[in-house]
Structure formats: structure tokens, C-alpha cells
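See structure below.
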Amino acid sequence: MTDMSATTPAGLAPSDVTTDAFKARVRKRYRSEALFRAYGAIALGITAIFVISVVTDIVRRGLPAFWTHSLVLDVPVSADAVDPQGTKDPAVIRRADYFTMARDALRATVPGVEGRVPRRKLDGLLSSGAANDLRELLAADPSLIGTTVKTRFLLSDDSDLYLKGSETEIERFPARGIGTPSGATGEITILTSSNDFADDLVRVKRDLAERIEGLKVELRRAERGDAARAERIKAEIAELDARVNQPGVAETLDERLPSLLVAINGGVVKLSRIGNAEASGTVILPLKSTADAGAGAWEVLTYTVPESNRKLGDLEITFLERLKSEGRVEQHFNTIFFTAGDSREAELAGILGALMGSILMLSVTLALCLPIGVLAAVYLEEFAPKNWFTDIIEININNLAAVPSIVFGLLGLAVFLNFFGLPRSAPLVGGLVLALLVLPTIIIASRAALKAVPPSIKEAALGVGASKQQAVFHHVLPLAMPGIMTGTIIGMAHALGETAPLLMIGMLAFIVDVPTGWTSSATALPAQLFIWSDLPEAAFQAKTAAGIMVLLVLLFVMNGAAIWLRRRFERRW
Amino acid sequence: MQTTMERAPAGTSPKAAGVTSTNKVTARGVDVYYGEKHAIKNLSIDVPQNAITAFIGPSGCGKSTFLRCINRMNDTIPICRVTGKIEVDGRDIYDPKIDVVELRARVGMVFQKPNPFPKSIFENIAYGPKIHGLTSSKAELQQLVETSLQRAGLWEEVKDRLADPGTGLSGGQQQRLCIARAIATKPDVILMDEPCSALDPIATAKVEELMVELKRNFTIVIVTHSMAQAQRVSQKTAFFHLGTLVEFGDTTQIFNAPVDKRTQDYIGGRFG
């Protein structure tokens with residue numbers, strides 16, 4: 001080799017791989033390659049982190065919505081209230097007032113709740129649809145009338161949220177001294193032989209001191225503008241200051257402080273004023289006796305979140321805790337979420353209406369898009385003459401794929417609703433609009449798939465005397481089918497997640513009934529999620545996340561179907 | 001000749017005598033343009049029946065282009081334009097009245113790269129007969145597939161796996177499958193566009209044997225870059241250069257006593 005280089009012309013001499021410059025070049029090449037690989041790995045890693053965090057966040061927030069809480073109550077079903085004539089006709093049975101029955105059963109389970117307000121709060125634990133289960137049970141089996149039925153009664157969304165543990169914590173301190181209640185109901189005072197309330201009193205004073213700090217900040221702001229308000233705040237600070245600086249002096253509790261309760265002699269007292277060894281308050285659940293309670297036999301409860309910061313008041317929480325301790329509360333799978341349409345009550349709202357709406361809509365879209373899109377692609381790719389007219393069509397198809405989706409919604413409103421007079425909010429119209437939206441995508445994907453089929457296959461078919469149409473439909477199209485399928489499914493997934501065009505044709509609406517046909521009112525999954533995410537109730541936030549999970553699962557199923565179809569088709573060839 | 005008999009029972013029977021002097025394909029004053037490019041200039045040739053005619057010449061000389069004119073495969077290229085007259089069995093194939101599908105059924109083609117359909121071996125062969133309605137029953141179709149594979153010398157190798165995909169065969173087997181596919185439609189003429197360029201010597205030898213065997217029933221036109229192959233298999237040889245037919249004659253004459261200087265140079269290996 002080296003001998004040769006002496007005789008060959010300079011330009012053709014073999015390159016010398018031993019020089020430093022050459023080695024440096026090689027090193028640089030390896031370095032840039034390693035760097036590029038590192039960039040790729042970093043990009044992938046970042047993407048994975050984002051995807052994982054998004055999915056875990058959604059799952060964490062959505063998963064609780066798949067479970068719900070009910071009360072298990074024994075309800076005496078009297079024939080008089082349900083079916084006085086004894087007809088055993090389900091229609092008659094359904095008409096009875098089951099909510100009252102459920103309410104009475106609940107009042108019987110938590111006895112001793114007196115007064116209008118406490119009673120209303122107790123009734124409020126139940127969902128307005130709590131008695132639906134009982135109604136269906138009796139309609140299905142009239143022989144239960146006249147017996148005592150033990151069944152589930154759905155709790156309201158706030159009760160459900162509390163039981164899922166997101167509202168407040170409860171701290172329990174067993175008392176050290178002997179507790180003496182002054183009565184069993186109404187306003188009572190509890191004396192203790194030891195300073196059982198001293199710690200709580202200190203804590204209250206500390207909370208008040210914190211409140212002063214907050215007020216001081218407010219005061220500085222008020223001093224700049226509102227003099228009268230500043231005076232008021234100053235007075236309040238002075239008053240609080242006096243309270244804080246008198247340790248051991250009894251304090252009045254308000255709803256901005258953590259709630260203090262005493263559980264004694266089988267009853268619960270909500271405290272309104274505490275001293276070191278004496279506390280007074282209102283009985284929520286009546287005491288069994290006014291006898292002295294020994295050390296450790298009674299306890300002081302603290303609901304750590306102040307009542308004003310909670311959805312559920314002290315009464316409701318106390319009732320629920322009582323029901324829970326009696327084993328009346330049951331957690332179960334939230335079937336309503338999958339069997340009901342939308343509702344204003346979070347615990348009664350379900351995804352089925354939106355899911356059906358989406359499915360109906362997508363079936364219209366698919367039925368229109370697949371034949372039209374594929375045949376258009378076949379014609380344009382294989383049969384159409386190449387001239388200025390087909391060029392314009394091609395450019396327009398490509399442009400249509402980039403048109404904002406809201407424009408298709410406007411088009412649907414103008415053409416399908418106003419001109420053709422089709423019904424509003426109908427899956428049929430939604431499907432038509434989405435078909436317009438998806439058609440360009442499918443045509444472009446199908447053309448690309450057709451183009452990717454090797455021309456030798458078509459030549460072979462033509463060579464044995466197949467006509468152009470036979471060559472295309474017997475050989476080219478089947479080979480392009482996996483690609484066409486992938487494009488179609490991507491288009492469908494796009495359509496599934498589309499909300500903007502649906503705004504225009506009235507599908508972003510509160511629709512309670514599950515749609516049954518192409519023209520019944522419906523909404524779609526993403527529209528439903530948008531509606532829920534806008535509602536103030538915390539339970540709807542969980543529903544939104546759960547709905548996103550349903551949407552994602554649907555997408556996974558669709559993509560899985562695409563992969564499965566592709567595999568199947570590829571195996572045939 | 002059996003195939004001709006079936007297609008046209010009357011009138012064409014004299015051709016069955018297998019007289020090599022009869023011309024199967026006749027071209028007069030053919031010009032082919034690819035857009036502005038003048039690919040074939042004023043070409044006239046007579047391809048004899050029941051013989052192998054080889055087209056040789058350097059790359060880009062127009063031999064494949066002309067071959068593809070004979071069954072109008074060039075129709076698929078939009079910018080391609082053909083003028084002049086090409087006759088098969090005395091009928092002008094560029095006559096607007098002629099049915100191109102029927103023409104291609106009579107003039108089969110084997111391509112440079114083996115291009116079996118991505119279907120089973122059986123389907124590959126049966127496709128042509130099916131679309132032309134050559135068989136009336138399933139048994140007959142199976143018989144035709146078997147005969148075609150036998151004549152292509154592939155039957156023994158694939159008879160146990162007719163349901164396997166044709167694309168799973170080796171390159172040489174695939175090319176013989178393509179030949180069997182071309183035979184199955186019972187053509188008169190088989191055009192072969194460099195059928196052995198993608199094959200190894202053993203597979204090439206098999207295909208060549210096959211061609212010699214087939215020439216008894218078919219008229220074969222082959223484009224080849226291998227002069228040895230042209231010498232081995234063909235009776236007539238045409239030398240193309242820059243879009244013109246330079247010399248056409250018996251293979252022995254072209255290779256042993258070429259008249260034209262360009263032919264001498266090409267065969268002598270001085271250009272190409």
C-alpha cells in the first residue's frame with residue numbers, strides 16, 4: 001500500500017490514518033455521535049417524566065371517583081305507603097315516596113336528633129337520589145312490601161368526599177380526669193377533675209395570636225386607604241390581644257377555630273366555651289346518662305379544620321362518624337358513574353350519556369369517512385389525470401387538514417342546522433361535522449399508504465392482464481390497507497377528542513338522558529369533561545379526572561384495535 | 001400449438017406448425033418519447049415465432065423501453081408517447097379498438113426483479129386464469145396451476161407448500177414463479193426484461209433451461225446484459241444503441257460476424 005502511494009498521483013494517494021489530525025477527526029465524530037445519542041435519551045427521558053406525571057396525577061385524582069359511599073339502613077316498607085291497593089304493579093310501586101322512607105329510617109338509626117336545623121342536616125347526608133335503589137328493588141320484587149328491607153342508600157357528594165378523607169382530620173384525646181356532664185340534652189356544662197381542657201385552651205389562644213398577626217397585615221393595608229376600617233381592625237386586635245394575654249381565662253369558640261367536641265356517656269357535645277377544667281356546649285347526640293365518666297372513659301375530639309373552611313359542618317361529621325362506628329357506611333364501586341347520564345348532583349352524575357354520544361357520533365363519522373376517504377384517495381392516486389384541476393383539489397385537501405376545527409363547527413351550524421334543518425345537539429350532526437374534519441386526514445394518510453405500495457406489484461398484475469381497476473383493488477389497496485387503517489384510527493382518535501366544532505352545533509350542553517338514537521340530544525366525552533371541570537363542586541373535579549381516564553382508555557382501545565387489525569392484515573400477506 | 005388453439009380455434013391454425021420463419025411481432029417505424037426525450041428512433045424489427053429473440057445493448061439504449069411497448073406496459077407512464085406501428089399476429093396493438101387487457105393476456109411479461117404477489121404460491125398462479133375466466137371449475141384451476149408450475153420447473157420444489165406466501169421463496173424460485181404466473185394465462189408471447197439479473201448462476205442456469213424448454217410453445221423476447229446468455233439461449237439477437245436498432249440477425253451471425261462497427265465494438269468489449 002505504501003509502495004503504491006509513491007507512484008499514484010497526489011490526489012489519489014490513500015489517506016494517512018496515522019496523523020493526529022485524522023485521529024482528532026475520528027474522535028470528534030465519535031463525540032458528536034455520543035452527544036446526539038445523549039440528546040435523544042434526554043429528550044425521551046423528559047417526555048417520559050411528563051407523561052408519567054400527567055397520568056399519575058389524573059389517576060390519583062380520578063380513581064376515588066370510581067368508588068362511592070352508601071348507608072346501609074333497615075327500612076320498614078309498609079304496604080300503605082307503597083301499594084295501598086295491593087296491585088303489585090311496578091308502575092304503582094315506583095310512584096311511592098321512597099325518600100321519606102329513607103329519611104325516616106335514617107332518623108331512626110340516629111335517634112335523639114331534635115330541632116329543625118340538626119334534622120335537616122341529618123337528612124342532607126343522603127343524596128336526593130338515595131332511594132332509587134330501594135325503588136328498583138321493590139319494583140322488581142313486590143313480595144318485599146310489608147317487610148323490613150335492608151339496602152343501600154347513596155350518600156350525598158359532600159358526605160362521600162368527607163368519608164374519602166379529604167375534609168378534616170379528627171384528633172382524639174382520652175381525658176385524664178373524671179368528667180361530669182350537667183345534662184343529657186340541650187346546653188350542658190362538663191366539669192373535669194383534672195385540667196383536661198387546658199391544652200386545648202392554650203391552643204385556642206395560640207390560634208388567636210396567629211389571627212392577630214393576620215389582622216396586622218390587613219391593618220397595614222387598610223391604613224393606606226380606608227381609615228374607618230383600620231379603626232375597626234385596631235379595635236379587634238386590641239380585643240384579641242386582651243384575650244390572648246389572659247392565660248387560663250375561659251375562651252369562646254367560633255367557627256374559625258378548630259372544632260372541639262366531647263364524646264361522653266354515649267353522646268357527643270359540641271363545645272362553645274372552654275376553661276381549664278370546665279367546658280360548655282350543645283349536645284349533638286344525646287348522652288345516655290348524666291353519670292360521672294371515669295378517666296379514659298370519655299374523650300375530647302378536635303376536628304382540626306375550622307368549620308368555616310369545610311363543606312360539611314360539625315353536625316354532619318358527627319352523624320357520619322356515629323354511622324360509621326355502627327357499621328352503617330359501606331364503600332362500593334360507583335356503578336352510577338357508568339350507568340347514568342349527567343346530573344346536577346355530583347353523586348348521581350355518570351359518563352354513560354357522553355360515552356354513548358361519542359360512540360354514536362364516531363360511528364357516523366366512520367361510516368362516512370372510511371368509504372369516501374379511501375375511494376377519494378384511490379381515485380386521486382391511481383386514476384385521476386394529473387392536471388391543474390386535480391392539483392387544485394390536492395392543494396385544497398392539504399389546506400383543509402390545517403383548517404381550525406371551530407370553522408368546521410360554524411360550517412356545520414350554517415349548513416346542517418340552518419340550511420338542512422337537522423336537530424341541534426344530535427350525534428348525527430356531530431358525526432357529519434367531525435367527518436368533514438377528519439376526511440382530509442384520512443385522504444392524505446390513504447394516499448401516502450397507496451403511494452408506499454411498490455409499483456412492481458401493480459406492474460405484475462397488469463402484466464398478467466389485469467385491468468387497472470383489478471390491479472388497484474386486488475393488489476394495491478389490500479397492501480395499503482394497514483396504512484389506511486392507521487390513518488383512519490388516528491383521524492378517529494382526533495375526532496374523539498375534538499370539542500370546538502361541537503360548541504357550534506349545541507353539543508356542549510347539560511343533557512341528562514342517555515342518547516338512544518342518531519337524532520336524540522347528546523353530548524360528547526370531551527364536551528362533558530369541559531362542563532364538569534367548570535363546576536364548583538369538588539366531587540365534579542374527581543369526576544372530570546375519572547372521565548379523562550375513560551377517554552384515555554377508549555383511545556387505548558382504539559389504538560389497540562388499530563394495531564390488532566394491522567397485525568391481522570399483515571399476517572395474511 | 002395448444003395455447004393458440006384454445007384462444008382462437010379457427011383461422012390461426014397454420015401457426016401451430018411451429019415454423020420458425022413466421023413473424024410473431026412486427027414493428028415498423030416506431031418512435032418512443034419520454035416527454036422531450038426521444039428514447040427510440042424509427043425502429044423496425046420482425047420477431048420470429050417460437051424462437052428466443054435477445055435484445056442486447058448498453059444501459060439506456062432503449063431495449064427495455066421497446067420491450068415494454070410490445071404489451072403496452074408503457075401506458076402506465078403518463079409522459080410516454082409511442083408512434084409508429086407494432087403488430088402482434090398482424091394486428092396493430094396501438095389501434096384504439098384493441099383491448100389492452102386482452103393484449104397483455106396474450107403477451108405475458110416477466111420483470112427484472114422477481115415480483116410475486118404477496119399472496120400464496122397457488123394464488124400467484126391462479127390470479128391470471130381467474131380474472132380471465134380460463135377455467136370453469138376448481139379442479140381445472142388446480143390442474144392449470146400444477147401444469148404451469150411444472151413447466152416452470154418449480155412444481156417439485158413447492159408442491160407441498162402451495163399455501164405458503166410466494167414472497168417466502170428464494171430469488172431464483174420467485175423468478176420461476178413469475179414465469180409460471182406468466183405461462184398460466186396461456187400467452188403467445190413472453191417478454192422477459194433481464195429476468196436473470198438478480199439471480200445467482202445456478203438459478204440463472206435453471207431459468208435459461210426453462211426458456212429453451214418454453215420456446216417450443218411460446219415466442220420469447222428477452223432483454224439481457226449478459227452476452228453469454230444471449231449466445232446460449234437465443235436464436236435471434238438485436239443490438240440496440242442510443243435508441244436505434246443497430247443490427248438484427250441470427251445470434252451466431254451477430255456474435256461471430258457482426259457487420260456494424262458499433263456491434264463489433266460492443267461485442268468485443270470495447271464499450272458498454
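Residues are named by chain letter and number: chains run A, B, ... in the order of the C-alpha cells, numbers start at 1 in each chain, and ligands are numbered from 1 in the order shown.
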Contact set, chain B to chain A: 8 Å, only C-alpha atoms, as number ranges by chain: B: 73, 100-105, 108-111, 115-120, 128, 131-132, 165, 181-182, 185
Identify all residues of region 161-264 of chain B in helix (DSSP H, G or I) (DSSP on the backbone) and supply them as number ranges by chain. B: 166-168, 171-184, 201-214, 227-233, 251-256, 261-264
List as a PyMOL selection string the protein and nucleic acid residues near region 394-410 of chain A, meaning an atom at most 9 Å away when only C-alpha atoms are counted, but skip any in the same chain fewer than 5 places from it. chain A and resi 380+389+415+430+433-434+436-441+443-444+498-505
Let me see the file: selected residues, C-alpha atoms, as a compact mmCIF listing (two decimals), in the first residue's frame.
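Contents of again_24.txt, as written:
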```
# COMPACT_ATOMS: atom_id res chain seq x y z
CA LEU A 380 -56.77 10.70 -6.90
CA PHE A 389 -57.74 20.68 -11.73
CA VAL A 415 -75.25 24.04 6.55
CA GLY A 430 -71.83 15.94 15.27
CA VAL A 433 -69.15 17.80 11.21
CA LEU A 434 -66.41 15.53 12.51
CA LEU A 436 -65.69 16.92 7.42
CA LEU A 437 -62.90 17.46 9.89
CA VAL A 438 -61.38 14.00 9.56
CA LEU A 439 -61.86 13.44 5.84
CA PRO A 440 -58.73 15.32 4.72
CA THR A 441 -56.61 13.43 7.26
CA ILE A 443 -57.42 11.03 2.36
CA ILE A 444 -53.85 12.18 2.93
CA GLU A 498 -62.48 17.31 19.41
CA THR A 499 -64.63 19.81 21.32
CA ALA A 500 -64.58 23.08 19.40
CA PRO A 501 -66.82 22.12 16.45
CA LEU A 502 -69.35 20.62 18.88
CA LEU A 503 -69.79 24.00 20.61
CA MET A 504 -71.38 25.39 17.50
CA ILE A 505 -73.94 22.67 17.00
```
Using only C-alpha atoms, which residues sit within 12 Å of region 77-79 of chain A once same-chain residues fewer than 5 positions away are excluded, as a PDB file with C-alpha atoms, in the first residue's frame?
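New file around.pdb:
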```
ATOM      1  CA  PRO A  84    -102.304   0.514  49.314  1.00  0.00           C
ATOM      2  CA  GLN A  85    -104.489  -1.374  46.784  1.00  0.00           C
ATOM      3  CA  GLY A  86    -102.116  -4.319  46.643  1.00  0.00           C
ATOM      4  CA  THR A  87    -101.842  -4.146  42.838  1.00  0.00           C
ATOM      5  CA  LYS A  88     -98.230  -5.298  42.742  1.00  0.00           C
ATOM      6  CA  VAL A  92     -97.682   1.971  41.023  1.00  0.00           C
ATOM      7  CA  ILE A  93     -94.829   0.838  43.226  1.00  0.00           C
ATOM      8  CA  ALA A  96     -94.364   5.853  46.084  1.00  0.00           C
ATOM      9  CA  ASP A  97     -92.382   8.347  48.164  1.00  0.00           C
ATOM     10  CA  TYR A  98     -89.259   6.389  48.992  1.00  0.00           C
ATOM     11  CA  PHE A  99     -87.144   9.321  50.013  1.00  0.00           C
ATOM     12  CA  THR A 100     -89.348   9.910  53.075  1.00  0.00           C
ATOM     13  CA  MET A 101     -88.978   6.248  53.963  1.00  0.00           C
ATOM     14  CA  ALA A 102     -85.208   6.510  53.682  1.00  0.00           C
ATOM     15  CA  ASP A 104     -87.321   8.153  58.483  1.00  0.00           C
ATOM     16  CA  ALA A 105     -85.081   5.096  58.540  1.00  0.00           C
ATOM     17  CA  LEU A 134     -84.946   0.796  47.136  1.00  0.00           C
ATOM     18  CA  ARG A 135     -87.496   1.778  44.469  1.00  0.00           C
ATOM     19  CA  LEU A 137     -85.656  -3.323  44.472  1.00  0.00           C
ATOM     20  CA  LEU A 138     -89.335  -3.164  45.331  1.00  0.00           C
ATOM     21  CA  PRO A 142     -93.160  -6.691  45.187  1.00  0.00           C
ATOM     22  CA  SER A 143     -93.168  -9.529  47.720  1.00  0.00           C
ATOM     23  CA  LEU A 144     -90.819  -7.408  49.858  1.00  0.00           C
ATOM     24  CA  ILE A 145     -93.652  -4.970  50.605  1.00  0.00           C
ATOM     25  CA  GLY A 146     -94.645  -5.216  54.242  1.00  0.00           C
ATOM     26  CA  THR A 147     -91.232  -6.449  55.360  1.00  0.00           C
ATOM     27  CA  THR A 148     -88.172  -4.616  56.599  1.00  0.00           C
ATOM     28  CA  VAL A 149     -85.717  -4.206  53.764  1.00  0.00           C
ATOM     29  CA  LYS A 150     -82.021  -3.776  54.351  1.00  0.00           C
ATOM     30  CA  THR A 151     -80.464  -1.954  51.433  1.00  0.00           C
TER      31      THR A 151
END
```
Using only C-alpha atoms, which protein or nucleic acid residues come within 12 Å of Gly327 (chain A)? Drop anything in the same chain fewer than 5 positions from it, and give the result as a count of residues only. 8
Separation of CA of Glu171 (chain A) from CA of Ser156 (chain A) in Å: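 The value is 24.4 Å.
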Residues near region 295-303 of chain A, cut-off 8 Å, only C-alpha atoms, skip fewer than 5 positions along chain, as an NGL selection string: :A and (168-179 or 258-265 or 314)
Which polymer residues have any atom within 9 Å of an atom of region 52-58 of chain A, counting only C-alpha atoms, with same-chain residues fewer than 4 positions away left out, as a list of chain:residue names?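 Non-adjacent residues within range: A:Thr47, A:Ala48, A:Gly62, A:Leu63, A:Ala542, A:Ala545, A:Ala546, A:Ile548, A:Met549.
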Please run DSSP on the backbone and report, as a VMD selection string, all residues within region 275-406 of chain A that come out as strand (DSSP E or B). chain A and resid 278 to 285 293 299 to 303 329 to 333
